[in-house]
>>> print(open('coords35.cif').read())   # mmCIF, C-alpha atoms
data_query
#
loop_
_atom_site.label_atom_id
_atom_site.label_comp_id
_atom_site.auth_asym_id
_atom_site.auth_seq_id
_atom_site.Cartn_x
_atom_site.Cartn_y
_atom_site.Cartn_z
CA MET S 20 21.06 -23.46 3.98
CA ARG S 21 20.13 -20.90 6.63
CA LEU S 22 17.94 -17.86 6.99
CA HIS S 23 19.50 -14.39 7.10
CA ARG S 24 17.87 -11.86 9.37
CA ASN S 25 17.97 -8.79 7.09
CA LEU S 26 16.52 -10.74 4.15
CA VAL S 27 13.69 -12.15 6.26
CA TYR S 28 12.88 -8.76 7.83
CA THR S 29 12.60 -7.28 4.34
CA THR S 30 10.29 -10.14 3.36
CA ILE S 31 8.03 -9.55 6.38
CA ASP S 32 7.88 -5.79 5.67
CA SER S 33 6.96 -6.52 2.06
CA LEU S 34 4.21 -8.98 2.97
CA ASN S 35 2.76 -6.39 5.33
CA ALA S 36 2.63 -3.84 2.49
CA ILE S 37 0.90 -6.31 0.16
CA PHE S 38 -1.55 -7.92 2.58
CA ASN S 39 -2.38 -4.99 4.86
CA GLU S 40 -1.70 -1.83 2.86
CA GLY S 41 -3.10 -2.91 -0.51
CA GLU S 42 0.11 -2.47 -2.48
CA TYR S 43 0.80 -4.48 -5.63
CA ALA S 44 3.30 -7.32 -5.28
CA ASP S 45 5.42 -6.39 -8.30
CA LYS S 46 5.91 -2.82 -7.04
CA VAL S 47 6.70 -4.01 -3.52
CA VAL S 48 9.23 -6.58 -4.75
CA ALA S 49 10.94 -4.02 -7.00
CA ARG S 50 11.29 -1.68 -4.01
CA ALA S 51 12.53 -4.47 -1.72
CA LEU S 52 15.29 -5.46 -4.14
CA LYS S 53 16.75 -1.96 -3.93
CA LYS S 54 16.88 -1.95 -0.14
CA ASP S 55 20.49 -3.05 0.29
CA THR S 56 23.11 -2.54 -2.42
CA ARG S 57 25.35 -5.14 -0.74
CA TRP S 58 22.98 -7.97 -1.60
CA GLY S 59 24.15 -10.41 -4.23
CA SER S 60 21.99 -12.16 -6.81
CA ALA S 61 21.25 -15.06 -4.43
CA ASP S 62 20.02 -12.62 -1.76
CA ARG S 63 17.74 -10.78 -4.20
CA LYS S 64 16.46 -14.07 -5.54
CA PHE S 65 15.58 -15.23 -2.01
CA VAL S 66 13.67 -12.02 -1.24
CA ALA S 67 11.72 -11.95 -4.53
CA GLU S 68 10.86 -15.63 -4.62
CA THR S 69 9.90 -15.83 -0.94
CA ILE S 70 7.57 -12.83 -1.17
CA TYR S 71 5.87 -14.20 -4.27
CA GLU S 72 5.58 -17.72 -2.82
CA ILE S 73 3.91 -16.55 0.38
CA VAL S 74 1.60 -14.26 -1.60
CA ARG S 75 0.71 -17.10 -3.97
CA TRP S 76 0.01 -19.55 -1.13
CA LYS S 77 -1.41 -17.03 1.33
CA ARG S 78 -4.49 -19.05 2.21
CA LEU S 79 -2.52 -22.29 2.64
CA TYR S 80 0.08 -20.75 4.95
CA GLY S 81 -2.57 -18.77 6.82
CA GLU S 82 -4.62 -21.91 7.50
CA ILE S 83 -1.54 -23.89 8.55
CA ALA S 84 -0.43 -21.09 10.88
CA GLU S 85 -4.01 -20.71 12.17
CA VAL S 86 -4.10 -16.94 11.60
CA ARG S 87 -6.82 -14.76 10.10
CA GLU S 88 -6.84 -11.44 8.29
CA PRO S 89 -5.99 -8.70 8.96
CA TYR S 90 -2.52 -10.06 9.70
CA ASP S 91 -0.48 -8.31 12.37
CA ARG S 92 3.29 -8.77 12.34
CA ASP S 93 3.10 -11.80 14.66
CA ASN S 94 0.69 -13.43 12.19
CA LEU S 95 3.07 -12.71 9.30
CA TRP S 96 5.94 -14.29 11.22
CA ARG S 97 3.81 -17.39 11.88
CA MET S 98 3.00 -17.65 8.15
CA PHE S 99 6.68 -17.21 7.34
CA ALA S 100 7.55 -19.95 9.83
CA ALA S 101 5.13 -22.31 8.07
CA TRP S 102 6.79 -21.50 4.75
CA ALA S 103 10.28 -22.03 6.18
CA VAL S 104 9.44 -25.39 7.80
CA LEU S 105 7.80 -26.71 4.62
CA ARG S 106 10.77 -25.54 2.54
CA GLY S 107 13.19 -27.36 4.87
CA PHE S 108 14.96 -24.38 6.44
CA PRO S 109 16.35 -24.86 9.96
CA ILE S 110 14.43 -22.48 12.23
CA PRO S 111 16.87 -19.98 13.83
CA ASP S 112 16.62 -19.00 17.50
CA TRP S 113 15.10 -15.59 16.83
CA ARG S 114 12.52 -14.15 19.19
CA GLN S 115 9.86 -13.98 16.44
CA LEU S 116 10.25 -17.68 15.64
CA GLU S 117 10.38 -19.05 19.20
CA GLY S 118 8.21 -22.11 19.71
CA THR S 119 7.63 -22.79 16.00
CA PRO S 120 5.61 -26.07 16.04
CA GLU S 121 7.39 -27.88 13.21
CA ARG S 122 5.61 -31.22 13.57
CA ARG S 123 2.19 -29.54 13.76
CA ILE S 124 2.96 -27.44 10.65
CA LYS S 125 3.81 -30.56 8.64
CA GLY S 126 0.77 -32.40 9.95
CA ARG S 127 -1.59 -29.56 9.13
CA PHE S 128 -0.12 -29.29 5.64
CA ASP S 129 -0.88 -32.97 4.98
CA GLU S 130 -4.40 -32.58 6.35
CA LEU S 131 -5.33 -29.27 4.69
CA SER S 132 -3.88 -30.18 1.30
CA LYS S 133 -6.83 -32.53 0.75
CA LEU S 134 -9.05 -29.45 0.15
CA ARG S 135 -8.58 -27.82 -3.28
CA THR S 136 -9.36 -24.28 -2.12
CA ILE S 137 -6.56 -24.53 0.45
CA ARG S 138 -4.20 -26.74 -1.57
CA GLU S 139 -4.37 -24.35 -4.54
CA SER S 140 -4.79 -21.37 -2.20
CA ILE S 141 -7.79 -19.59 -3.71
CA PRO S 142 -10.96 -17.93 -2.35
CA ASP S 143 -14.06 -20.14 -2.19
CA TRP S 144 -15.99 -17.91 -4.61
CA MET S 145 -13.23 -18.22 -7.23
CA ASP S 146 -13.26 -22.00 -6.97
CA GLN S 147 -17.04 -22.07 -7.40
CA LEU S 148 -16.84 -19.73 -10.39
CA GLY S 149 -14.09 -21.78 -12.04
CA VAL S 150 -16.07 -25.01 -11.71
CA ALA S 151 -19.23 -23.35 -13.04
CA GLU S 152 -17.45 -21.93 -16.10
CA LEU S 153 -14.88 -24.62 -16.98
CA GLY S 154 -16.19 -27.77 -15.34
CA GLU S 155 -14.66 -29.67 -12.43
CA GLU S 156 -11.88 -31.46 -14.33
CA ASN S 157 -10.70 -28.53 -16.46
CA TRP S 158 -10.80 -26.08 -13.56
CA ALA S 159 -8.81 -28.40 -11.29
CA LYS S 160 -6.06 -28.68 -13.93
CA GLU S 161 -6.14 -24.99 -14.78
CA ILE S 162 -5.91 -23.56 -11.27
CA HIS S 163 -3.06 -25.97 -10.54
CA ALA S 164 -1.24 -24.73 -13.65
CA GLN S 165 -1.91 -21.11 -12.64
CA ASN S 166 0.07 -21.74 -9.45
CA GLU S 167 3.17 -22.81 -11.36
CA PRO S 168 5.80 -20.06 -11.76
CA ALA S 169 5.60 -18.49 -15.22
CA LYS S 170 8.41 -18.86 -17.74
CA VAL S 171 10.18 -15.75 -18.99
CA ILE S 172 9.42 -15.24 -22.68
CA LEU S 173 11.08 -12.61 -24.85
CA ARG S 174 9.68 -11.15 -28.05
CA THR S 175 12.32 -10.12 -30.57
CA ASN S 176 11.93 -6.57 -31.84
CA THR S 177 12.22 -7.21 -35.57
CA LEU S 178 12.56 -3.48 -36.24
CA LYS S 179 16.09 -3.82 -34.88
CA THR S 180 17.24 -7.43 -35.10
CA THR S 181 16.31 -11.04 -35.85
CA ARG S 182 15.53 -13.81 -33.41
CA GLU S 183 18.71 -15.67 -34.37
CA LYS S 184 20.92 -12.61 -33.82
CA LEU S 185 19.22 -11.82 -30.51
CA ARG S 186 19.72 -15.38 -29.34
CA ALA S 187 23.45 -15.17 -30.13
CA ILE S 188 23.78 -11.81 -28.34
CA LEU S 189 22.12 -13.23 -25.22
CA MET S 190 24.25 -16.38 -25.37
CA ASP S 191 27.35 -14.15 -25.21
CA LEU S 192 25.87 -12.80 -21.95
CA ASP S 193 25.44 -16.38 -20.63
CA ILE S 194 21.66 -16.13 -21.05
CA ALA S 195 20.56 -19.32 -22.79
CA THR S 196 17.28 -19.28 -24.70
CA ASP S 197 15.22 -21.59 -26.91
CA PRO S 198 13.01 -20.53 -29.83
CA LEU S 199 9.32 -21.41 -29.89
CA PRO S 200 8.51 -22.98 -33.28
CA ASP S 201 4.99 -21.57 -33.65
CA ARG S 202 5.78 -18.03 -32.41
CA PRO S 203 8.27 -16.50 -34.85
CA GLU S 204 9.68 -13.81 -32.54
CA ALA S 205 9.66 -15.72 -29.23
CA LEU S 206 12.60 -16.92 -27.14
CA VAL S 207 12.15 -18.81 -23.84
CA LEU S 208 14.76 -18.34 -21.13
CA ARG S 209 16.12 -21.67 -19.91
CA GLU S 210 16.78 -20.13 -16.48
CA ARG S 211 15.39 -16.95 -14.95
CA ALA S 212 17.64 -13.92 -15.36
CA ASN S 213 17.24 -10.16 -14.96
CA VAL S 214 17.17 -9.40 -18.67
CA PHE S 215 16.18 -5.77 -18.05
CA LEU S 216 19.77 -4.99 -17.00
CA THR S 217 21.24 -6.09 -20.34
CA ASP S 218 22.39 -3.68 -23.04
CA ALA S 219 20.27 -5.72 -25.46
CA PHE S 220 17.13 -4.64 -23.58
CA LYS S 221 18.28 -1.02 -23.21
CA GLN S 222 18.89 -0.92 -26.96
CA GLY S 223 15.34 -2.13 -27.61
CA LEU S 224 16.23 -5.49 -29.15
CA PHE S 225 13.44 -7.27 -27.27
CA GLU S 226 10.47 -6.96 -24.94
CA VAL S 227 9.28 -9.42 -22.29
CA GLN S 228 5.91 -10.74 -23.49
CA ASP S 229 4.23 -14.07 -22.83
CA ALA S 230 3.94 -16.56 -25.68
CA SER S 231 0.12 -16.45 -25.63
CA SER S 232 0.08 -12.66 -25.84
CA GLN S 233 2.42 -12.79 -28.83
CA LEU S 234 -0.27 -14.55 -30.88
CA VAL S 235 -2.67 -11.60 -30.78
CA ALA S 236 -0.89 -9.21 -33.15
CA HIS S 237 -0.41 -11.99 -35.70
CA LEU S 238 -4.12 -12.83 -35.60
CA LEU S 239 -4.95 -9.22 -36.50
CA ASP S 240 -3.09 -9.72 -39.80
CA VAL S 241 -1.66 -6.21 -40.11
CA GLN S 242 0.30 -5.10 -43.17
CA PRO S 243 2.71 -2.19 -43.70
CA GLY S 244 0.86 0.96 -44.74
CA MET S 245 -2.44 0.18 -43.01
CA ARG S 246 -4.32 2.32 -40.50
CA VAL S 247 -4.41 0.21 -37.34
CA VAL S 248 -5.99 1.06 -33.97
CA ASP S 249 -4.98 -0.52 -30.67
CA ALA S 250 -8.04 0.64 -28.74
CA CYS S 251 -6.99 -0.47 -25.23
CA ALA S 252 -3.24 -0.02 -25.61
CA GLY S 253 -2.22 0.30 -21.97
CA ALA S 254 1.56 0.38 -21.66
CA GLY S 255 1.72 -1.02 -25.17
CA GLY S 256 3.17 -4.54 -25.35
CA LYS S 257 0.90 -5.47 -28.24
CA THR S 258 1.16 -1.98 -29.79
CA LEU S 259 4.92 -2.42 -30.12
CA HIS S 260 4.44 -5.87 -31.66
CA LEU S 261 2.01 -4.37 -34.19
CA ALA S 262 4.51 -1.61 -35.02
CA SER S 263 7.19 -4.19 -35.80
CA LEU S 264 4.84 -6.25 -37.97
CA MET S 265 3.90 -3.04 -39.84
CA GLU S 266 7.63 -2.34 -40.35
CA ASN S 267 7.02 1.21 -39.08
CA LYS S 268 4.94 1.92 -42.19
CA GLY S 269 1.40 3.23 -41.99
CA GLN S 270 -0.51 4.70 -39.06
CA LEU S 271 -0.75 2.92 -35.72
CA ILE S 272 -3.06 4.69 -33.27
CA ALA S 273 -2.60 3.74 -29.60
CA MET S 274 -5.61 4.68 -27.49
CA ASP S 275 -6.25 4.41 -23.77
CA LEU S 276 -8.28 6.01 -20.99
CA TYR S 277 -5.14 6.73 -18.97
CA GLU S 278 -2.50 9.22 -20.05
CA SER S 279 0.03 7.68 -17.62
CA LYS S 280 -0.04 4.39 -19.53
CA LEU S 281 0.47 6.10 -22.88
CA LYS S 282 3.46 7.95 -21.40
CA GLN S 283 4.99 4.57 -20.54
CA LEU S 284 4.30 3.41 -24.09
CA LYS S 285 6.04 6.49 -25.53
CA LEU S 286 9.19 5.64 -23.59
CA ARG S 287 9.06 2.00 -24.71
CA ALA S 288 8.40 3.01 -28.32
CA LYS S 289 11.44 5.28 -28.32
CA ARG S 290 13.61 2.45 -27.05
CA ASN S 291 12.10 0.08 -29.63
CA GLY S 292 12.57 2.48 -32.55
CA ALA S 293 8.82 2.38 -33.27
CA PHE S 294 7.93 5.77 -34.78
CA ASN S 295 4.65 5.17 -36.65
CA ILE S 296 2.59 5.34 -33.41
CA GLU S 297 0.13 8.13 -32.60
CA TYR S 298 -1.21 8.51 -29.07
CA ARG S 299 -4.81 9.40 -28.24
CA ILE S 300 -6.39 9.60 -24.79
CA ILE S 301 -10.03 8.47 -24.79
CA ASP S 302 -11.37 11.47 -22.87
CA SER S 303 -14.70 11.64 -24.75
CA THR S 304 -16.78 9.74 -27.29
CA LYS S 305 -15.52 12.15 -29.97
CA VAL S 306 -12.18 10.33 -30.07
CA ILE S 307 -13.93 7.16 -31.24
CA LYS S 308 -16.39 8.91 -33.55
CA LYS S 309 -13.59 10.64 -35.46
CA LEU S 310 -12.28 7.21 -36.50
CA GLN S 311 -15.65 5.64 -37.35
CA ASP S 312 -15.39 3.43 -40.48
CA LYS S 313 -11.74 4.48 -40.98
CA ALA S 314 -9.51 1.68 -39.59
CA ASP S 315 -8.23 -1.31 -41.56
CA ARG S 316 -7.65 -3.16 -38.32
CA VAL S 317 -8.81 -2.69 -34.72
CA LEU S 318 -7.50 -4.53 -31.67
CA ILE S 319 -9.65 -4.54 -28.55
CA ASP S 320 -7.46 -6.02 -25.80
CA ALA S 321 -10.33 -5.67 -23.37
CA PRO S 322 -10.16 -5.07 -19.61
CA CYS S 323 -10.88 -8.37 -17.88
CA SER S 324 -10.61 -10.41 -14.69
CA GLY S 325 -7.01 -11.43 -15.43
CA LEU S 326 -7.74 -15.02 -14.38
CA GLY S 327 -5.47 -16.27 -17.16
CA VAL S 328 -2.37 -14.60 -15.72
CA LEU S 329 -2.51 -15.47 -12.01
CA ARG S 330 0.92 -17.09 -12.35
CA ARG S 331 2.37 -13.62 -13.01
CA ASN S 332 0.08 -11.72 -10.64
CA PRO S 333 -0.59 -14.02 -7.67
CA ASP S 334 -1.79 -11.14 -5.51
CA ALA S 335 -4.71 -10.72 -7.93
CA LYS S 336 -6.27 -13.81 -6.32
CA TRP S 337 -6.76 -11.78 -3.16
CA LYS S 338 -7.55 -8.38 -4.69
CA LEU S 339 -10.15 -9.65 -7.17
CA GLN S 340 -13.81 -9.65 -6.08
CA PRO S 341 -16.87 -11.35 -7.68
CA GLU S 342 -18.63 -8.03 -8.24
CA PHE S 343 -15.64 -6.75 -10.23
CA ILE S 344 -16.02 -9.61 -12.70
CA GLU S 345 -19.72 -8.86 -13.17
CA ASN S 346 -18.96 -5.19 -13.70
CA ILE S 347 -16.10 -5.83 -16.12
CA LYS S 348 -18.38 -7.95 -18.33
CA LYS S 349 -20.60 -4.89 -18.81
CA VAL S 350 -17.53 -2.84 -19.72
CA GLN S 351 -16.44 -5.49 -22.23
CA SER S 352 -19.85 -5.38 -23.94
CA GLU S 353 -19.81 -1.59 -24.11
CA VAL S 354 -16.24 -1.47 -25.44
CA LEU S 355 -16.98 -4.03 -28.18
CA GLU S 356 -20.10 -2.15 -29.29
CA SER S 357 -18.38 1.24 -29.32
CA TYR S 358 -14.85 0.54 -30.55
CA SER S 359 -15.90 -1.89 -33.29
CA ARG S 360 -17.44 1.07 -35.13
CA MET S 361 -13.91 2.20 -36.06
CA VAL S 362 -13.47 -0.81 -38.37
CA LYS S 363 -14.11 0.11 -42.00
CA PRO S 364 -16.03 -2.22 -44.36
CA GLY S 365 -13.76 -5.14 -45.24
CA GLY S 366 -11.57 -4.46 -42.20
CA LYS S 367 -10.78 -6.83 -39.34
CA LEU S 368 -11.38 -6.76 -35.60
CA VAL S 369 -9.71 -8.80 -32.86
CA TYR S 370 -11.25 -9.05 -29.38
CA ALA S 371 -8.81 -10.41 -26.79
CA THR S 372 -8.63 -10.97 -23.02
CA CYS S 373 -6.20 -12.53 -20.57
CA SER S 374 -9.11 -14.41 -18.98
CA ILE S 375 -10.00 -18.10 -19.09
CA LEU S 376 -13.71 -17.56 -18.37
CA PRO S 377 -16.03 -18.30 -21.32
CA SER S 378 -18.42 -15.61 -20.02
CA GLU S 379 -15.73 -12.98 -20.69
CA ASN S 380 -14.68 -14.55 -23.95
CA ARG S 381 -16.78 -16.41 -26.51
CA ALA S 382 -20.01 -15.43 -24.76
CA GLN S 383 -19.10 -11.76 -25.23
CA VAL S 384 -18.33 -12.32 -28.91
CA ASP S 385 -21.60 -14.18 -29.47
CA ARG S 386 -23.55 -11.43 -27.75
CA PHE S 387 -21.78 -8.76 -29.81
CA LEU S 388 -22.52 -10.52 -33.11
CA THR S 389 -26.25 -10.30 -32.37
CA SER S 390 -26.06 -6.60 -31.41
CA GLU S 391 -26.80 -3.72 -33.78
CA ALA S 392 -23.09 -2.96 -34.25
CA GLY S 393 -22.13 -6.64 -34.45
CA LYS S 394 -24.60 -7.53 -37.20
CA SER S 395 -22.22 -5.99 -39.73
CA PHE S 396 -19.45 -8.45 -38.75
CA ASN S 397 -18.73 -12.06 -39.65
CA PHE S 398 -17.08 -14.34 -37.10
CA VAL S 399 -13.88 -15.82 -38.59
CA LYS S 400 -12.20 -17.84 -35.80
CA ASP S 401 -11.18 -17.78 -32.17
CA SER S 402 -8.72 -19.43 -29.80
CA SER S 403 -9.10 -20.24 -26.10
CA ILE S 404 -5.73 -20.93 -24.49
CA LEU S 405 -5.48 -22.57 -21.08
CA ALA S 406 -2.25 -22.56 -19.10
CA SER S 407 -2.80 -26.24 -18.29
CA ASP S 408 -2.71 -27.11 -22.02
CA SER S 409 -0.14 -24.63 -23.34
CA GLY S 410 2.29 -24.07 -20.48
CA PHE S 411 1.85 -20.34 -21.08
CA ASP S 412 -0.67 -17.70 -19.96
CA GLY S 413 -4.39 -18.30 -20.25
CA PHE S 414 -5.71 -16.17 -23.09
CA TYR S 415 -8.60 -15.67 -25.50
CA MET S 416 -8.68 -14.06 -28.92
CA ALA S 417 -11.38 -13.85 -31.59
CA LEU S 418 -11.08 -12.58 -35.17
CA MET S 419 -14.07 -10.93 -36.86
CA GLU S 420 -14.35 -9.28 -40.25
CA ARG S 421 -16.65 -6.41 -41.14
CA LYS S 422 -18.85 -7.12 -44.11
CA SER S 423 -17.97 -5.15 -47.25
#
>>> encode(input="coords35.cif", output="structure tokens")
Amino acid sequence: MRLHRNLVYTTIDSLNAIFNEGEYADKVVARALKKDTRWGSADRKFVAETIYEIVRWKRLYGEIAEVREPYDRDNLWRMFAAWAVLRGFPIPDWRQLEGTPERRIKGRFDELSKLRTIRESIPDWMDQLGVAELGEENWAKEIHAQNEPAKVILRTNTLKTTREKLRAILMDLDIATDPLPDRPEALVLRERANVFLTDAFKQGLFEVQDASSQLVAHLLDVQPGMRVVDACAGAGGKTLHLASLMENKGQLIAMDLYESKLKQLKLRAKRNGAFNIEYRIIDSTKVIKKLQDKADRVLIDAPCSGLGVLRRNPDAKWKLQPEFIENIKKVQSEVLESYSRMVKPGGKLVYATCSILPSENRAQVDRFLTSEAGKSFNFVKDSSILASDSGFDGFYMALMERKS
């Protein structure tokens, strides 16, 4: 087990782009993996996993290495050295790693790991917020779970195949999966694999979608032939799930503020064979008003802090700021008030977030139900999912029904 210079240099370059140039980790990793066509799967795995690990544990490795932001390249090498020592790699005799204090690194790790903010590698403000919202015990368990690598979950596209057939197809490709009993389309990969390179993915037989997220479309209770609105569609993971549950029958309107996201959804829909989707950019209030009282079902997958999906987006811990969370709560309130008006009498509304904070979740629903728009709705049920309880993403979803 030894370190290879070109792989480590790529890792350092990638960390510089994420920490110092504000780039998103997933985009940086995707670019890094294309750097050298000679790399095998083990090389690509090393690069991807090392980048994500150092991003996830940035504060821990920074404190151990005794460096502060902004990190110059010497700082990044010192953080990498801390990672390598703690992972048990022999330190090579490269100029950048000369004088690596291995005993001090191990000693500082033992000492600093007694502090939760450093052990779990989170900003102080986030720790204080988590305790205030979830309580000491629940927050401690949840932030620990959010630092565990996420499982890869597939959602079968039932417009094209069944879960059993998909599982057999993947098994023929040496990709072993297990079904989830309470999520009818879900398959969990036993070991991580690049499923996007398979013909099964290119043919639209499945999408990658976390098990918690897969519950949302089912809660909306769509039926073929309905008029359904996905009001914050984004790139459309839940839109595509809704299309499959509607069996391509009826009208599914995917709305978003950003045309670029709807373009991504169009490409995914074509691959999925989902052709009952209409695309509408929310460029004025007229777009919402035209659908007032006309939708059987409305999904509001609201913008949020994303604190339920830190396992997938570890760099969000460092990009997120307290003022953003306060601002996004105002957006959530406005979106609920405005978009709920599309639900017709007797229709259903689902409000969902990928946050674990009650202030973004049930508190928003309770506030909405006392508002002028919300008074015409009955609360039916909700679900708060914590990663520490479920093993999947943290999520919230609430079902409301408009009075007839």
>>> resolve_selection(input="coords35.cif", expression="the PyMOL selection byres ((chain S and resi 56-63) around 12)", output="MDAnalysis selection string")
chainID S and resid 20:27 29:30 48:55 64:70 211:213
>>> closest_residue(input="coords35.cif", among="S:Lys125, S:Arg381, S:Lys133, S:Lys308", to="Ala100 of chain S", atoms="only C-alpha atoms")
S:Lys125
>>> atom_distance(input="coords35.cif", atom1="atom CA of Ala159 of chain S", atom2="atom CA of Leu329 of chain S")
14.4 Å
>>> atom_distance(input="coords35.cif", atom1="atom CA of Gly149 of chain S", atom2="atom CA of Leu238 of chain S")
27.1 Å
>>> atom_distance(input="coords35.cif", atom1="atom CA of Glu420 of chain S", atom2="atom CA of Ser263 of chain S")
22.6 Å
>>> resolve_selection(input="coords35.cif", expression="the PyMOL selection byres ((chain S and resi 196) around 12)", output="NGL selection string")
:S and (170-175 or 182-195 or 197-199 or 205-212 or 214)
>>> closest_atom_pairs(input="coords35.cif", of="segment 347-389 of chain S", to="segment 268-279 of chain S", cutoff="12 Å", atoms="all atoms listed in the file", output="Markdown table")
| residue | atom | partner | partner_atom | distance |
| --- | --- | --- | --- | --- |
| S:Val354 | CA | S:Asp275 | CA | 11.7 |
| S:Tyr358 | CA | S:Met274 | CA | 10.6 |
| S:Met361 | CA | S:Ile272 | CA | 11.5 |
>>> resolve_selection(input="coords35.cif", expression="the PyMOL selection byres ((chain S and resi 36) around 12)", output="list of chain:residue names")
S:Thr29, S:Thr30, S:Ile31, S:Asp32, S:Ser33, S:Leu34, S:Asn35, S:Ile37, S:Phe38, S:Asn39, S:Glu40, S:Gly41, S:Glu42, S:Tyr43, S:Ala44, S:Asp45, S:Lys46, S:Val47, S:Val48, S:Arg50, S:Ala51, S:Ile70, S:Val74, S:Pro89, S:Tyr90, S:Asp91, S:Arg92, S:Leu95, S:Asp334
>>> residues_around(input="coords35.cif", residues="Ala288 of chain S", least_positions_apart="6", cutoff="9 Å", atoms="all atoms listed in the file", output="number ranges by chain")
S: 223, 255, 258-259, 294, 296
>>> closest_residue(input="coords35.cif", among="S:Asn295, S:Leu234, S:Leu388, S:Leu264", to="Met416 of chain S", atoms="only C-alpha atoms")
S:Leu234
>>> residues_around(input="coords35.cif", residues="Lys179 of chain S", least_positions_apart="3", cutoff="8 Å", atoms="all atoms listed in the file", output="MDAnalysis selection string")
chainID S and resid 176 223:224 291:292
>>> closest_residue(input="coords35.cif", among="S:Glu82, S:Gly126, S:Ser140, S:Glu117", to="Leu105 of chain S", atoms="all atoms listed in the file")
S:Gly126
>>> closest_residue(input="coords35.cif", among="S:Trp76, S:Phe215, S:Phe396, S:Phe128", to="Gly365 of chain S", atoms="only C-alpha atoms")
S:Phe396
>>> residues_around(input="coords35.cif", residues="Ala101 of chain S", least_positions_apart="2", cutoff="12 Å", atoms="all atoms listed in the file", output="ChimeraX atom specification")
/S:72-73,76-86,94-99,103-110,116,119-128
>>> closest_residue(input="coords35.cif", among="S:Val235, S:Ile162, S:Leu326, S:Ala169", to="Pro377 of chain S", atoms="all atoms listed in the file")
S:Leu326
>>> closest_residue(input="coords35.cif", among="S:Leu339, S:Leu261, S:Val328, S:Val150", to="Ser374 of chain S", atoms="all atoms listed in the file")
S:Val328
>>> residues_around(input="coords35.cif", residues="Phe398 of chain S", least_positions_apart="5", cutoff="9 Å", atoms="only C-alpha atoms", output="ChimeraX atom specification")
/S:384-385,388,417-421
>>> residues_around(input="coords35.cif", residues="Leu405 of chain S", least_positions_apart="4", cutoff="8 Å", atoms="all atoms listed in the file", output="NGL selection string")
:S and (161 or 327 or 375 or 409-414)
>>> axis_aligned_box(input="coords35.cif", around="segment 98-103 of chain S", padding_each_side="5 Å", output="AutoDock Vina command-line options")
--center_x 6.6 --center_y -19.8 --center_z 7.3 --size_x 17.3 --size_y 15.1 --size_z 15.1
